[in-house]
file run-v3.cif (mmCIF, C-alpha atoms)
data_coords
loop_
_atom_site.group_PDB
_atom_site.id
_atom_site.type_symbol
_atom_site.label_atom_id
_atom_site.label_comp_id
_atom_site.auth_asym_id
_atom_site.auth_seq_id
_atom_site.Cartn_x
_atom_site.Cartn_y
_atom_site.Cartn_z
ATOM 1 C CA MET A 1 14.829 132.594 38.325
ATOM 2 C CA GLU A 2 15.579 135.167 41.021
ATOM 3 C CA LYS A 3 13.381 137.739 39.274
ATOM 4 C CA ILE A 4 10.544 135.241 38.946
ATOM 5 C CA GLY A 5 11.014 134.234 42.566
ATOM 6 C CA ARG A 6 10.649 137.851 43.718
ATOM 7 C CA ILE A 7 7.390 138.164 41.807
ATOM 8 C CA PHE A 8 6.073 134.888 43.235
ATOM 9 C CA PHE A 9 7.201 135.938 46.727
ATOM 10 C CA LYS A 10 5.185 139.136 46.477
ATOM 11 C CA TRP A 11 2.086 137.232 45.376
ATOM 12 C CA ARG A 12 2.732 133.945 47.209
ATOM 13 C CA SER A 13 -0.616 134.037 49.012
ATOM 14 C CA PHE A 14 -2.372 133.910 45.655
ATOM 15 C CA PHE A 15 -0.822 130.644 44.472
ATOM 16 C CA PRO A 16 -4.143 128.721 44.867
ATOM 17 C CA PHE A 17 -5.733 130.972 42.233
ATOM 18 C CA ILE A 18 -3.380 129.466 39.635
ATOM 19 C CA LEU A 19 -5.089 126.139 40.244
ATOM 20 C CA LEU A 20 -8.668 127.418 39.897
ATOM 21 C CA PRO A 21 -9.134 126.390 36.218
ATOM 22 C CA PHE A 22 -7.919 122.860 37.028
ATOM 23 C CA LEU A 23 -10.124 122.764 40.138
ATOM 24 C CA PHE A 24 -13.227 123.668 38.152
ATOM 25 C CA LEU A 25 -12.445 120.950 35.612
ATOM 26 C CA ALA A 26 -11.822 118.385 38.354
ATOM 27 C CA LEU A 27 -15.070 119.127 40.162
ATOM 28 C CA LYS A 28 -17.128 119.511 36.993
ATOM 29 C CA GLU A 29 -16.320 115.959 35.920
ATOM 30 C CA LYS A 30 -17.530 114.514 39.226
ATOM 31 C CA THR A 31 -20.676 112.403 39.104
ATOM 32 C CA GLU A 32 -20.935 111.709 42.820
ATOM 33 C CA TYR A 33 -20.731 113.922 45.903
ATOM 34 C CA TYR A 34 -18.945 112.279 48.824
ATOM 35 C CA GLU A 35 -20.606 112.639 52.232
ATOM 36 C CA ASP A 36 -17.604 111.036 53.951
ATOM 37 C CA ILE A 37 -17.162 113.335 56.957
ATOM 38 C CA SER A 38 -14.277 111.241 58.317
ATOM 39 C CA PHE A 39 -12.287 111.817 55.117
ATOM 40 C CA LYS A 40 -13.019 115.546 55.247
ATOM 41 C CA ILE A 41 -11.817 115.658 58.838
ATOM 42 C CA LEU A 42 -8.662 113.779 57.795
ATOM 43 C CA CYS A 43 -7.964 116.357 55.078
ATOM 44 C CA LEU A 44 -8.660 119.186 57.494
ATOM 45 C CA SER A 45 -6.321 117.587 60.048
ATOM 46 C CA ILE A 46 -3.509 117.505 57.469
ATOM 47 C CA SER A 47 -4.016 121.198 56.783
ATOM 48 C CA PHE A 48 -4.171 121.952 60.497
ATOM 49 C CA ALA A 49 -0.847 120.122 60.923
ATOM 50 C CA GLY A 50 0.626 122.689 58.554
ATOM 51 C CA LEU A 51 -1.029 125.458 60.554
ATOM 52 C CA VAL A 52 0.514 124.081 63.757
ATOM 53 C CA ILE A 53 3.962 124.226 62.137
ATOM 54 C CA ARG A 54 3.376 127.849 61.178
ATOM 55 C CA CYS A 55 2.112 128.620 64.695
ATOM 56 C CA ILE A 56 5.242 127.139 66.273
ATOM 57 C CA VAL A 57 7.377 129.313 64.007
ATOM 58 C CA GLY A 58 5.287 132.402 64.713
ATOM 59 C CA GLY A 59 5.161 131.806 68.457
ATOM 60 C CA TYR A 60 8.941 131.978 68.765
ATOM 61 C CA ALA A 61 9.708 134.383 65.907
ATOM 62 C CA PRO A 62 11.784 137.468 66.781
ATOM 63 C CA LYS A 63 10.893 140.853 65.361
ATOM 64 C CA GLY A 64 11.774 141.271 61.696
ATOM 65 C CA THR A 65 11.630 137.563 60.814
ATOM 66 C CA SER A 66 9.011 135.183 59.384
ATOM 67 C CA GLY A 67 6.718 138.014 58.377
ATOM 68 C CA ARG A 68 4.016 138.517 55.756
ATOM 69 C CA GLU A 69 5.704 141.366 53.906
ATOM 70 C CA SER A 70 5.371 141.576 50.123
ATOM 71 C CA THR A 71 9.111 142.247 49.731
ATOM 72 C CA GLN A 72 12.202 140.620 51.216
ATOM 73 C CA VAL A 73 12.769 141.969 54.739
ATOM 74 C CA ALA A 74 14.981 140.523 57.490
ATOM 75 C CA GLU A 75 16.329 142.372 60.500
ATOM 76 C CA LYS A 76 18.197 139.279 61.679
ATOM 77 C CA LEU A 77 18.863 135.718 60.568
ATOM 78 C CA ASN A 78 16.693 133.307 62.543
ATOM 79 C CA THR A 79 18.493 129.962 62.981
ATOM 80 C CA LYS A 80 16.844 128.705 66.180
ATOM 81 C CA GLY A 81 13.763 126.589 66.869
ATOM 82 C CA LEU A 82 12.265 125.050 63.741
ATOM 83 C CA TYR A 83 14.730 127.094 61.698
ATOM 84 C CA SER A 84 17.501 124.963 63.172
ATOM 85 C CA LEU A 85 15.865 121.883 61.587
ATOM 86 C CA ILE A 86 15.021 123.310 58.164
ATOM 87 C CA ARG A 87 15.648 126.619 56.440
ATOM 88 C CA HIS A 88 12.040 127.137 55.374
ATOM 89 C CA PRO A 89 9.626 125.829 58.045
ATOM 90 C CA LEU A 90 6.835 128.195 56.965
ATOM 91 C CA TYR A 91 6.836 126.782 53.439
ATOM 92 C CA PHE A 92 7.034 123.287 54.925
ATOM 93 C CA GLY A 93 3.860 124.088 56.835
ATOM 94 C CA ASN A 94 2.276 125.594 53.729
ATOM 95 C CA PHE A 95 2.711 122.299 51.904
ATOM 96 C CA PHE A 96 0.637 120.421 54.481
ATOM 97 C CA ILE A 97 -2.036 123.129 54.410
ATOM 98 C CA PHE A 98 -2.086 122.931 50.637
ATOM 99 C CA ILE A 99 -2.084 119.143 50.295
ATOM 100 C CA GLY A 100 -4.946 118.781 52.787
ATOM 101 C CA MET A 101 -7.089 121.008 50.593
ATOM 102 C CA VAL A 102 -6.316 119.369 47.261
ATOM 103 C CA LEU A 103 -6.842 115.875 48.710
ATOM 104 C CA LEU A 104 -10.413 116.923 49.489
ATOM 105 C CA THR A 105 -11.201 116.830 45.761
ATOM 106 C CA LYS A 106 -10.481 113.071 45.548
ATOM 107 C CA THR A 107 -9.320 113.629 41.964
ATOM 108 C CA TRP A 108 -5.928 112.046 41.338
ATOM 109 C CA TRP A 109 -4.920 114.110 38.309
ATOM 110 C CA PHE A 110 -5.775 117.398 40.025
ATOM 111 C CA ILE A 111 -3.770 116.375 43.095
ATOM 112 C CA LEU A 112 -0.823 115.446 40.865
ATOM 113 C CA ILE A 113 -0.924 118.722 38.894
ATOM 114 C CA SER A 114 -1.230 120.708 42.119
ATOM 115 C CA VAL A 115 1.859 119.085 43.634
ATOM 116 C CA ILE A 116 3.823 119.434 40.377
ATOM 117 C CA LEU A 117 3.065 123.170 40.262
ATOM 118 C CA PHE A 118 3.656 123.707 43.985
ATOM 119 C CA PHE A 119 7.311 122.681 44.018
ATOM 120 C CA PRO A 120 8.733 124.858 41.196
ATOM 121 C CA TYR A 121 6.609 127.782 42.393
ATOM 122 C CA TYR A 122 8.077 127.661 45.892
ATOM 123 C CA ALA A 123 11.523 126.641 44.641
ATOM 124 C CA SER A 124 11.796 129.951 42.795
ATOM 125 C CA ILE A 125 10.653 131.820 45.916
ATOM 126 C CA ILE A 126 13.256 129.995 48.010
ATOM 127 C CA PHE A 127 15.947 130.791 45.437
ATOM 128 C CA ALA A 128 15.143 134.526 45.536
ATOM 129 C CA GLU A 129 14.812 134.565 49.315
ATOM 130 C CA GLU A 130 18.131 132.833 49.881
ATOM 131 C CA ARG A 131 19.899 135.116 47.407
ATOM 132 C CA PHE A 132 18.640 138.072 49.455
ATOM 133 C CA LEU A 133 19.774 136.491 52.748
ATOM 134 C CA ARG A 134 23.182 135.603 51.322
ATOM 135 C CA GLU A 135 23.740 139.178 50.190
ATOM 136 C CA LYS A 136 22.614 140.610 53.535
ATOM 137 C CA PHE A 137 24.193 138.200 56.021
ATOM 138 C CA GLY A 138 27.154 136.873 54.023
ATOM 139 C CA GLU A 139 29.221 134.148 55.691
ATOM 140 C CA THR A 140 26.732 133.788 58.532
ATOM 141 C CA PHE A 141 24.046 132.691 56.093
ATOM 142 C CA LEU A 142 26.437 130.524 54.068
ATOM 143 C CA LYS A 143 27.362 128.565 57.190
ATOM 144 C CA TYR A 144 23.674 128.147 58.047
ATOM 145 C CA TYR A 145 22.924 127.168 54.435
ATOM 146 C CA GLN A 146 25.606 124.467 54.437
ATOM 147 C CA THR A 147 24.525 122.857 57.719
ATOM 148 C CA THR A 148 20.722 123.113 57.553
ATOM 149 C CA PRO A 149 18.555 121.370 54.939
ATOM 150 C CA ALA A 150 15.999 123.358 52.945
ATOM 151 C CA ILE A 151 12.793 121.397 53.584
ATOM 152 C CA ILE A 152 13.656 117.944 54.983
ATOM 153 C CA PRO A 153 14.058 118.301 58.789
ATOM 154 C CA LYS A 154 17.400 117.367 60.325
ATOM 155 C CA PHE A 155 16.363 116.741 63.935
ATOM 156 C CA LYS A 156 19.871 116.399 65.371
ATOM 157 C CA ASN A 157 20.387 120.094 64.506
ATOM 158 C CA TRP A 158 17.766 121.241 67.029
ATOM 159 C CA GLN A 159 18.557 124.456 68.888
ATOM 160 C CA LYS A 160 16.276 125.985 71.497
ATOM 161 C CA PRO A 161 14.558 129.246 70.431
ATOM 162 C CA GLU A 162 16.006 132.420 71.879
ATOM 163 C CA LEU A 163 12.616 133.861 72.904
ATOM 164 C CA PRO A 164 9.742 132.345 74.913
ATOM 165 C CA PHE A 165 6.621 131.191 73.098
ATOM 166 C CA SER A 166 4.030 133.956 72.591
ATOM 167 C CA PHE A 167 0.433 132.946 71.924
ATOM 168 C CA LYS A 168 -0.440 136.553 71.108
ATOM 169 C CA ASN A 169 2.257 136.534 68.462
ATOM 170 C CA VAL A 170 0.704 133.392 66.963
ATOM 171 C CA VAL A 171 -2.766 134.967 66.862
ATOM 172 C CA ASN A 172 -1.363 138.173 65.377
ATOM 173 C CA ARG A 173 0.526 136.329 62.632
ATOM 174 C CA GLU A 174 -1.620 133.298 61.829
ATOM 175 C CA PHE A 175 -5.309 134.144 62.218
ATOM 176 C CA GLN A 176 -5.369 134.901 58.492
ATOM 177 C CA THR A 177 -3.955 131.445 57.754
ATOM 178 C CA LEU A 178 -6.732 129.784 59.763
ATOM 179 C CA PHE A 179 -9.311 131.849 57.908
ATOM 180 C CA GLY A 180 -7.749 130.879 54.567
ATOM 181 C CA ILE A 181 -7.934 127.169 55.428
ATOM 182 C CA ILE A 182 -11.624 127.303 56.296
ATOM 183 C CA VAL A 183 -12.395 129.408 53.216
ATOM 184 C CA GLY A 184 -10.522 126.921 51.018
ATOM 185 C CA PHE A 185 -12.336 123.881 52.392
ATOM 186 C CA THR A 186 -15.711 125.646 52.244
ATOM 187 C CA PHE A 187 -15.113 126.699 48.656
ATOM 188 C CA ILE A 188 -14.045 123.253 47.437
ATOM 189 C CA ASP A 189 -16.850 121.426 49.229
ATOM 190 C CA ALA A 190 -19.506 123.906 48.123
ATOM 191 C CA LEU A 191 -18.352 123.705 44.497
ATOM 192 C CA SER A 192 -18.449 119.906 44.643
ATOM 193 C CA GLN A 193 -22.078 120.017 45.719
ATOM 194 C CA ILE A 194 -23.011 122.647 43.149
ATOM 195 C CA PHE A 195 -21.518 120.672 40.254
ATOM 196 C CA VAL A 196 -22.910 117.299 41.347
ATOM 197 C CA LYS A 197 -26.193 118.117 43.112
ATOM 198 C CA LYS A 198 -26.752 121.515 41.485
ATOM 199 C CA LYS A 199 -27.362 123.003 44.924
ATOM 200 C CA ILE A 200 -25.762 123.277 48.352
ATOM 201 C CA ILE A 201 -27.217 120.790 50.848
ATOM 202 C CA ASN A 202 -24.531 119.967 53.382
ATOM 203 C CA LEU A 203 -23.984 123.036 55.573
ATOM 204 C CA PHE A 204 -20.977 121.601 57.479
ATOM 205 C CA TRP A 205 -18.372 123.912 55.938
ATOM 206 C CA ILE A 206 -20.752 126.864 55.676
ATOM 207 C CA LYS A 207 -21.209 126.858 59.450
ATOM 208 C CA GLN A 208 -17.457 126.651 60.002
ATOM 209 C CA PHE A 209 -16.952 129.469 57.522
ATOM 210 C CA LEU A 210 -19.407 131.796 59.264
ATOM 211 C CA ILE A 211 -17.837 131.118 62.665
ATOM 212 C CA ILE A 212 -14.318 131.728 61.361
ATOM 213 C CA LEU A 213 -15.469 134.812 59.416
ATOM 214 C CA ILE A 214 -16.767 136.410 62.605
ATOM 215 C CA LEU A 215 -13.557 135.478 64.436
ATOM 216 C CA TYR A 216 -11.455 136.795 61.546
ATOM 217 C CA LEU A 217 -13.223 140.170 61.523
ATOM 218 C CA VAL A 218 -12.880 140.529 65.291
ATOM 219 C CA LEU A 219 -9.157 139.725 65.186
ATOM 220 C CA LEU A 220 -8.627 141.978 62.164
ATOM 221 C CA ILE A 221 -10.161 144.895 64.078
ATOM 222 C CA LEU A 222 -8.075 144.089 67.160
ATOM 223 C CA LYS A 223 -4.898 143.956 65.076
ATOM 224 C CA ASN A 224 -5.492 147.142 63.087
ATOM 225 C CA LYS A 225 -7.344 149.307 65.589
ATOM 226 C CA THR A 226 -5.881 148.289 68.952
ATOM 227 C CA LYS A 227 -2.613 147.187 70.552
ATOM 228 C CA LEU A 228 -4.074 144.118 72.266
ATOM 229 C CA LEU A 229 -2.260 141.698 69.956
ATOM 230 C CA ASN A 230 1.044 143.559 69.971
ATOM 231 C CA VAL A 231 3.991 141.861 71.638
ATOM 232 C CA GLU A 232 7.006 143.927 72.695
ATOM 233 C CA ASP A 233 10.085 143.304 70.542
ATOM 234 C CA ARG A 234 8.076 140.975 68.270
#

call {"tool": "encode", "arguments": {"input": "run-v3.cif", "output": "structure tokens"}}
result
Amino acid sequence: MEKIGRIFFKWRSFFPFILLPFLFLALKEKTEYYEDISFKILCLSISFAGLVIRCIVGGYAPKGTSGRESTQVAEKLNTKGLYSLIRHPLYFGNFFIFIGMVLLTKTWWFILISVILFFPYYASIIFAEERFLREKFGETFLKYYQTTPAIIPKFKNWQKPELPFSFKNVVNREFQTLFGIIVGFTFIDALSQIFVKKKIINLFWIKQFLIILILYLVLLILKNKTKLLNVEDR
């Protein structure tokens, strides 16, 4: 399980691609396209709730923690802020991002399969990640492990973060997540229209996608070509 978890950890951003065959089947069987904007906004709000959780983590994250590396890396054990409530707040946020997207399909069996696959996928990642932390931090991690739940928040455990909140750190870490959310919603909605109406009519998500694409490219350039988004000791 640890070996599988390491592989899934490396490719964790590509989990949605596992669901693509099921998504195509779910949307292909649709006979009606739903123009319910309020429901779409509800689904988007659920995903944005997950993004907010990730932003809170990223805003307070010290250097060497909560990163996007493809291998296990940890310069220190973060046990403050949201990490004092649950051991894996980023994955907790990912679940809300994920469930908001799959709800958009309005297909019960696809939603069920997606949730069923989500939990063992991330469970293996958590297993591998915690094995790494236990080997690196020893008794310190074991004490944290025994007093902090994995994914169900324990609010009485709250401890104030060590560092002040950094909006630049949030932008630097999470602009890709925002882009991924908009891409996911655009993709699902566009496919729904293609399968049902055989063409794209509603441009709601397309407009959002183009706006976020421009923002994404600007931020990507700023991150890779400048130091404007760098935060000292983060």

call {"tool": "resolve_selection", "arguments": {"input": "run-v3.cif", "expression": "the PyMOL selection byres ((chain A and resi 98-110) around 9)", "output": "PyMOL selection string"}}
result
chain A and resi 16+19+22-23+25-27+30+39-40+42-48+50+93-97+111-115+118+181+184-185+188-189+192

call {"tool": "write_last_selection", "arguments": {"input": "run-v3.cif", "atoms": "C-alpha atoms", "output": "compact mmCIF listing (two decimals), keeping the file's coordinate frame"}}
result
# COMPACT_ATOMS: atom_id res chain seq x y z
CA PRO A 16 -4.14 128.72 44.87
CA LEU A 19 -5.09 126.14 40.24
CA PHE A 22 -7.92 122.86 37.03
CA LEU A 23 -10.12 122.76 40.14
CA LEU A 25 -12.44 120.95 35.61
CA ALA A 26 -11.82 118.38 38.35
CA LEU A 27 -15.07 119.13 40.16
CA LYS A 30 -17.53 114.51 39.23
CA PHE A 39 -12.29 111.82 55.12
CA LYS A 40 -13.02 115.55 55.25
CA LEU A 42 -8.66 113.78 57.80
CA CYS A 43 -7.96 116.36 55.08
CA LEU A 44 -8.66 119.19 57.49
CA SER A 45 -6.32 117.59 60.05
CA ILE A 46 -3.51 117.50 57.47
CA SER A 47 -4.02 121.20 56.78
CA PHE A 48 -4.17 121.95 60.50
CA GLY A 50 0.63 122.69 58.55
CA GLY A 93 3.86 124.09 56.84
CA ASN A 94 2.28 125.59 53.73
CA PHE A 95 2.71 122.30 51.90
CA PHE A 96 0.64 120.42 54.48
CA ILE A 97 -2.04 123.13 54.41
CA ILE A 111 -3.77 116.38 43.10
CA LEU A 112 -0.82 115.45 40.86
CA ILE A 113 -0.92 118.72 38.89
CA SER A 114 -1.23 120.71 42.12
CA VAL A 115 1.86 119.08 43.63
CA PHE A 118 3.66 123.71 43.98
CA ILE A 181 -7.93 127.17 55.43
CA GLY A 184 -10.52 126.92 51.02
CA PHE A 185 -12.34 123.88 52.39
CA ILE A 188 -14.04 123.25 47.44
CA ASP A 189 -16.85 121.43 49.23
CA SER A 192 -18.45 119.91 44.64

call {"tool": "atom_distance", "arguments": {"input": "run-v3.cif", "atom1": "atom CA of A:Tyr216", "atom2": "atom CA of A:Phe175"}}
result
6.7 Å

call {"tool": "atom_distance", "arguments": {"input": "run-v3.cif", "atom1": "atom CA of A:Glu135", "atom2": "atom CA of A:Arg54"}}
result
25.8 Å

call {"tool": "resolve_selection", "arguments": {"input": "run-v3.cif", "expression": "the PyMOL selection byres ((chain A and resi 154-160) around 6)", "output": "list of chain:residue names"}}
result
A:Lys80, A:Gly81, A:Ser84, A:Leu85, A:Pro153, A:Pro161

call {"tool": "closest_residue", "arguments": {"input": "run-v3.cif", "among": "A:Thr140, A:Gln176, A:Pro62, A:Ile152", "to": "A:Phe92", "atoms": "only C-alpha atoms"}}
result
A:Ile152

call {"tool": "decode", "arguments": {"input": "run-v3.cif", "residues": "stretch 27-113 of chain A", "atoms": "C-alpha atoms", "output": "mmCIF file, in the first residue's frame"}}
result
data_model
loop_
_atom_site.group_PDB
_atom_site.id
_atom_site.type_symbol
_atom_site.label_atom_id
_atom_site.label_comp_id
_atom_site.auth_asym_id
_atom_site.auth_seq_id
_atom_site.Cartn_x
_atom_site.Cartn_y
_atom_site.Cartn_z
ATOM 1 C CA LEU A 27 -22.877 12.556 -19.942
ATOM 2 C CA LYS A 28 -23.517 10.475 -23.053
ATOM 3 C CA GLU A 29 -26.639 8.956 -21.516
ATOM 4 C CA LYS A 30 -28.122 12.377 -20.754
ATOM 5 C CA THR A 31 -31.204 13.367 -22.727
ATOM 6 C CA GLU A 32 -31.618 16.838 -21.266
ATOM 7 C CA TYR A 33 -29.214 19.725 -20.690
ATOM 8 C CA TYR A 34 -29.865 21.609 -17.458
ATOM 9 C CA GLU A 35 -29.814 25.409 -17.684
ATOM 10 C CA ASP A 36 -30.107 25.716 -13.895
ATOM 11 C CA ILE A 37 -27.546 28.444 -13.177
ATOM 12 C CA SER A 38 -28.368 28.438 -9.451
ATOM 13 C CA PHE A 39 -27.413 24.756 -9.198
ATOM 14 C CA LYS A 40 -24.181 25.389 -11.099
ATOM 15 C CA ILE A 41 -23.342 28.223 -8.729
ATOM 16 C CA LEU A 42 -24.079 25.917 -5.778
ATOM 17 C CA CYS A 43 -21.668 23.307 -7.150
ATOM 18 C CA LEU A 44 -19.062 25.971 -7.817
ATOM 19 C CA SER A 45 -19.511 27.304 -4.272
ATOM 20 C CA ILE A 46 -18.827 23.831 -2.845
ATOM 21 C CA SER A 47 -15.620 23.624 -4.856
ATOM 22 C CA PHE A 48 -14.648 27.142 -3.822
ATOM 23 C CA ALA A 49 -15.152 26.122 -0.178
ATOM 24 C CA GLY A 50 -12.449 23.526 -0.752
ATOM 25 C CA LEU A 51 -10.273 26.180 -2.374
ATOM 26 C CA VAL A 52 -10.735 28.434 0.665
ATOM 27 C CA ILE A 53 -9.533 25.606 2.923
ATOM 28 C CA ARG A 54 -6.444 25.176 0.764
ATOM 29 C CA CYS A 55 -5.862 28.947 0.772
ATOM 30 C CA ILE A 56 -6.008 29.082 4.572
ATOM 31 C CA VAL A 57 -3.430 26.299 4.740
ATOM 32 C CA GLY A 58 -1.221 27.953 2.134
ATOM 33 C CA GLY A 59 -1.493 31.405 3.684
ATOM 34 C CA TYR A 60 0.018 30.219 6.959
ATOM 35 C CA ALA A 61 2.280 27.441 5.652
ATOM 36 C CA PRO A 62 5.961 27.621 6.657
ATOM 37 C CA LYS A 63 8.682 26.871 4.146
ATOM 38 C CA GLY A 64 9.060 23.187 3.332
ATOM 39 C CA THR A 65 5.475 22.206 4.190
ATOM 40 C CA SER A 66 2.213 21.773 2.256
ATOM 41 C CA GLY A 67 3.961 21.917 -1.091
ATOM 42 C CA ARG A 68 3.254 20.597 -4.582
ATOM 43 C CA GLU A 69 6.341 18.413 -4.874
ATOM 44 C CA SER A 70 6.091 15.081 -6.692
ATOM 45 C CA THR A 71 7.993 13.299 -3.900
ATOM 46 C CA GLN A 72 7.689 13.355 -0.117
ATOM 47 C CA VAL A 73 9.453 16.451 1.245
ATOM 48 C CA ALA A 74 9.120 18.025 4.705
ATOM 49 C CA GLU A 75 11.579 20.375 6.355
ATOM 50 C CA LYS A 76 9.452 20.538 9.501
ATOM 51 C CA LEU A 77 6.268 19.040 10.907
ATOM 52 C CA ASN A 78 3.431 21.555 10.681
ATOM 53 C CA THR A 79 0.982 21.050 13.573
ATOM 54 C CA LYS A 80 -0.489 24.556 13.851
ATOM 55 C CA GLY A 81 -3.482 26.264 12.249
ATOM 56 C CA LEU A 82 -5.715 23.883 10.314
ATOM 57 C CA TYR A 83 -3.123 21.167 10.896
ATOM 58 C CA SER A 84 -4.011 21.307 14.582
ATOM 59 C CA LEU A 85 -7.595 20.303 13.674
ATOM 60 C CA ILE A 86 -6.858 17.577 11.127
ATOM 61 C CA ARG A 87 -3.704 15.951 9.816
ATOM 62 C CA HIS A 88 -4.578 16.414 6.150
ATOM 63 C CA PRO A 89 -6.411 19.731 5.592
ATOM 64 C CA LEU A 90 -5.277 19.975 1.958
ATOM 65 C CA TYR A 91 -6.902 16.650 1.101
ATOM 66 C CA PHE A 92 -9.962 17.724 3.087
ATOM 67 C CA GLY A 93 -10.161 20.769 0.838
ATOM 68 C CA ASN A 94 -9.582 18.627 -2.245
ATOM 69 C CA PHE A 95 -12.662 16.581 -1.406
ATOM 70 C CA PHE A 96 -14.915 19.644 -1.507
ATOM 71 C CA ILE A 97 -13.333 20.788 -4.774
ATOM 72 C CA PHE A 98 -13.865 17.331 -6.202
ATOM 73 C CA ILE A 99 -17.426 16.785 -4.985
ATOM 74 C CA GLY A 100 -18.549 20.170 -6.329
ATOM 75 C CA MET A 101 -17.415 19.130 -9.792
ATOM 76 C CA VAL A 102 -18.963 15.668 -9.838
ATOM 77 C CA LEU A 103 -22.280 16.991 -8.482
ATOM 78 C CA LEU A 104 -22.486 19.166 -11.594
ATOM 79 C CA THR A 105 -23.174 16.045 -13.670
ATOM 80 C CA LYS A 106 -26.445 15.339 -11.801
ATOM 81 C CA THR A 107 -25.831 11.627 -12.396
ATOM 82 C CA TRP A 108 -26.173 9.629 -9.186
ATOM 83 C CA TRP A 109 -24.159 6.579 -10.233
ATOM 84 C CA PHE A 110 -21.243 8.690 -11.469
ATOM 85 C CA ILE A 111 -21.226 10.663 -8.213
ATOM 86 C CA LEU A 112 -21.254 7.406 -6.235
ATOM 87 C CA ILE A 113 -18.407 5.836 -8.248
#
